[in-house]
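Please read the structure below before turning to the comments.
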Amino acid sequence: MMRFLGWQYWLPRGLTVAVIALAAHVALGLVARSALMRSMSDYLGSQVRVGYSRVVPWEHRVVFKNLQVADPDQRNQAILEADCCELLVSPEPLLHKQLVVQTGRLTGIHFAPLDHSRVEKQATNPKSASLTDGSMGEKWFPGYGREANTRWLAQLSTRLQKDTTARLASVQRVEAVAASWSRQSAELDQQSEQLSLETKKLEEAYAAAEANPLRNDEFLNAIPRTISELQAQCMALAKKLETLPEKLEAERRSVIAARREDEQSAKSQLLIAPIDSQNLSGYLLADSAARSLDDLAAIVQGLRESSKNRSLAPAAHKRGVDVLFAGCKPESDWVIENLELQGTARIAGQPTEWQGVLRDFSSSPALHRKTLQLRLRAAGPVPLELFTTIDRTGQAPRDTIVLDCQGIRLPELALGNTQELAVSVGPSVGTLSASIVVEGEKLSGEIQLVQRNVRLLPTMGNKLADEAIASSLEESLARVDSLATRITLGGTLTQPRCTVWSTLGPAVAEAIQHAAGKAGNEHRRALLVEAGKQVDERLTLIERQMTDLQSSHQSRIADLAARLQPLASSAVPRDRLSPERLGRRLPNNSLFR
């Protein structure tokens with residue numbers, strides 16, 4: 001009896017029990033670690049690593065530390081890390097090979113920074129080229145007005161061209177006057193040259209006739225009539241020259257009347273129909289909003305495809321066949337009823353601490369027959385609340401997202417097309433709220449964004465970059481300090497039909513209409529000034545040419561008159577010699593009388 005009370009009896013047995021307990025404790029930790037890594041890797045489709053695990057059986061508690069979720073594309077890098085995970089396990093379901101976590105806590109969660117090199121590769125991927133050609137915006141916002149706005153901007157550029165003075169009535173009229181004056185001047189030059197040539201010929205012929213009057217008796221008798229005709233032509237030419245100032249003054253009055261018509265024609269030429277403000281909102285925002293919506297649709301489709309594959313594919317690590325007795329229902333392999341979350345993240349470039357709760361998270365949502373719920377809340381510089389449900393209990397999957405984010409700092413955004421019209425929205429503070437429901441393939445919901453302290457900087461395309469409209473547009477948009485945007489979701493995931501409303505479109509439309517009107521008025525004034533300058537220069541040139549023509553032709557007419565005057569005075573009619581007149585002129589004492 002005393003033998004059982006000695007230390008030599010109890011010490012080795014106690015050490016053996018301690019070693020067995022320690023081995024069991026380590027073994028349970030390794031088993032729990034392996035089970036977690038295997039099940040979560042199967043669920044997430046990415047490798048899960050656990051640095052340390054510990055099981056406390058008497059507390060029904062399991063502790064995991066240094067958890068990592070590997071990047072599917074680069075397994076040596078982690079996309080998510082957590083410092084510690086504590087789970088309180090219900091012991092009864094373990095007898096049925098089911099793990100049920102009553103409560104748990106996952107702390108120290110933080111996400112790996114974004115790999116910008118991968119983003120650049122995706123941006124250069126041909127599949128993502130649609131983001132720059134407008135097809136992505138057309139997919140989510142069909143008929144949002146890109147072509148209509150492109151035509152409107154092209155029309156505005158055409159109306160503001162500088163080479164339109166030739167279309168003005170005054171310019172056309174003065175060109176007609178110049179052409180008519182050129183014809184009249186040529187005709188007057190021709191008549192003057194003809195008179196000068198005929199006068200010269202007459203002088204030469206008269207000198208030759210005077211040398212032999214008997215042979216040129218008929219020519220000498222016709223000279224008075226010829227001189228009279230030439231003098232009449234000189235007088236007619238002189239009268240034409242005298243009427244030139246009156247004709248030019250009449251033409252000048254017609255040009256002045258045409259100038260008054262230019263005012264109306266210039267106004268009508270620069271008139272352009274108002275741009276549709278909501279179409280302009282779609283033109284500016286559609287492509288940018290479509291990128292975020294496409295990412296959201298890809299996440300939803302990825303979750304649904306993943307859950308579908310998990311429900312169809314049997315677990316690779318299982319052996320044998322599960323046989324259910326009558327009255328038994330299949331259950332999920334594991335269920336997390338309540339899991340508290342705590343971590344850090346960078347939201348809009350600012351470090352933020354957040355907390356949340358994950359409920360009814362299971363390996364087979366359809367078997368669990370409860371909706372997965374995720375609620376996150378962040379305080380501090382970026383207050384945020386997110387509530388998400390993933391329902392697989394009905395005939396069609398149903399996913400909901402409700403988001404409310406206050407005071408988020410938004411980065412600079414480039415909206416529109418830099419080749420035509422673009423607006424750069426500087427960094428601002430905004431309020432984002434969203435309510436999205438995806439039931440089956442049907443998409444519904446609304447996204448609202450209100451931005452404060454915004455700064456808008458417009459960029460005009462190559463055709464309008466040199467116009468005064470660019471500076472006027474920038475000046476008008478400088479007065480806008482807040483923006484509100486609402487996106488209404490509709491259609492399906494594969495064929496969405498969404499609409500966008502924003503105060504950005506009306507603000508830019510009003511600014512561009514004001515800028516276009518101001519630029520149009522400046523262009524009209526410059527156009528009329530240029531046209532007036534051209535008209536005045538042309539009329540001055542015509543008047544100078546008329547004065548020179550009058551002076552030269554009047555001197556020529558005076559010279560011709562001076563040359564004809566001696567001929568007219570000396571060219572008296574001559575009596576022809578006849579026998580009767582010759583007999584009468586014989587002396588009285590002539591034998592032939």
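Residue numbering restarts at 1 in every chain; chains get A, B, ... in the order shown in the structure tokens, and ligands count up from 1 in that same order.
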Long-range neighbours of segment 359-376 of chain A as a short mmCIF file (atom, residue, chain, number, x, y, z; two decimals) with C-alpha atoms, in the first residue's frame, 9 Å cut-off, only C-alpha atoms, 2 positions minimum in chain:
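Result went into around.cif, see below:
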```cif
data_model
loop_
_atom_site.label_atom_id
_atom_site.label_comp_id
_atom_site.auth_asym_id
_atom_site.auth_seq_id
_atom_site.Cartn_x
_atom_site.Cartn_y
_atom_site.Cartn_z
CA SER A 39 -11.11 24.12 -46.56
CA MET A 40 -10.50 27.84 -47.04
CA TYR A 43 -13.53 27.87 -50.83
CA SER A 307 -20.44 29.27 -55.42
CA ARG A 310 -18.43 24.63 -55.16
CA SER A 311 -21.95 23.27 -55.15
CA LYS A 329 -30.91 16.69 -44.28
CA PRO A 330 -27.53 17.50 -45.78
CA GLU A 331 -25.60 20.16 -43.92
CA SER A 332 -22.67 22.39 -44.71
CA ASP A 333 -19.21 21.12 -43.81
CA TRP A 334 -18.56 24.24 -41.78
CA VAL A 335 -20.56 27.22 -40.63
CA ILE A 336 -19.44 30.48 -39.03
CA GLU A 337 -22.46 31.94 -37.29
CA ASN A 338 -20.86 35.15 -36.07
CA LEU A 339 -17.38 36.50 -36.82
CA GLU A 340 -16.17 39.90 -35.67
CA LEU A 341 -13.75 41.62 -38.00
CA TRP A 354 -12.66 49.58 -39.58
CA GLN A 355 -14.72 46.99 -37.77
CA GLY A 356 -17.38 44.60 -38.93
CA VAL A 357 -19.43 41.48 -38.41
CA ALA A 378 -15.24 52.71 -40.38
CA LEU A 384 -18.17 54.49 -43.87
CA GLU A 385 -20.94 51.93 -43.46
CA LEU A 386 -21.31 48.88 -45.69
CA PHE A 387 -24.00 46.22 -45.51
CA THR A 388 -23.92 43.29 -47.91
CA THR A 389 -26.08 40.19 -48.17
CA ILE A 390 -25.51 37.12 -50.30
CA ASP A 391 -28.66 35.02 -50.47
CA ARG A 392 -28.54 31.54 -52.02
CA THR A 393 -31.63 30.15 -50.29
CA GLY A 394 -34.12 30.84 -53.07
#
```
Could you pull out the helix (DSSP H, G or I) residues of segment 364-512 of chain A from DSSP and send them as number ranges by chain?
A: 365-368, 468-477, 504-512
By how many Å are atom CA of Asp42 of chain A and atom CA of Glu305 of chain A apart?
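Going from atom CA of Asp42 of chain A over to atom CA of Glu305 of chain A, I get 13.8 Å.
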Computed gap from atom CA of Lys239 of chain A to atom CA of Glu193 of chain A is 16.6 Å
Distance of atom CA of Thr503 of chain A from atom CA of Val480 of chain A, expressed in Å to one decimal place
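Between atom CA of Val480 of chain A and atom CA of Thr503 of chain A the gap works out to 9.9 Å.
Closest approach to Ala258 of chain A among A:Arg346, A:Arg54, A:Arg105, A:Arg173 is made by A:Arg173 (distances from only C-alpha atoms).
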Backbone DSSP call of strand (DSSP E or B) for segment 281-464 of chain A, listed as JSON, numbers by chain
{"A": [334, 335, 336, 337, 338, 339, 340, 341, 342, 343, 344, 345, 346, 347, 350, 351, 352, 353, 354, 355, 356, 357, 358, 359, 360, 361, 362, 372, 373, 374, 375, 376, 377, 378, 384, 385, 386, 387, 388, 389, 390, 391, 398, 399, 400, 401, 402, 403, 404, 405, 406, 407, 408, 409, 410, 413, 414, 415, 416, 417, 421, 422, 423, 424, 425, 428, 429, 430, 431, 432, 433, 434, 435, 436, 437, 438, 439, 442, 443, 444, 445, 446, 447, 448, 449, 450, 451, 452, 456, 457, 458, 459, 460]}
Near-Asp83 of chain A list (9 Å; only C-alpha atoms; drop same-chain fewer than 3 positions) as a VMD selection string:
chain A and resid 64 to 68 106 to 110
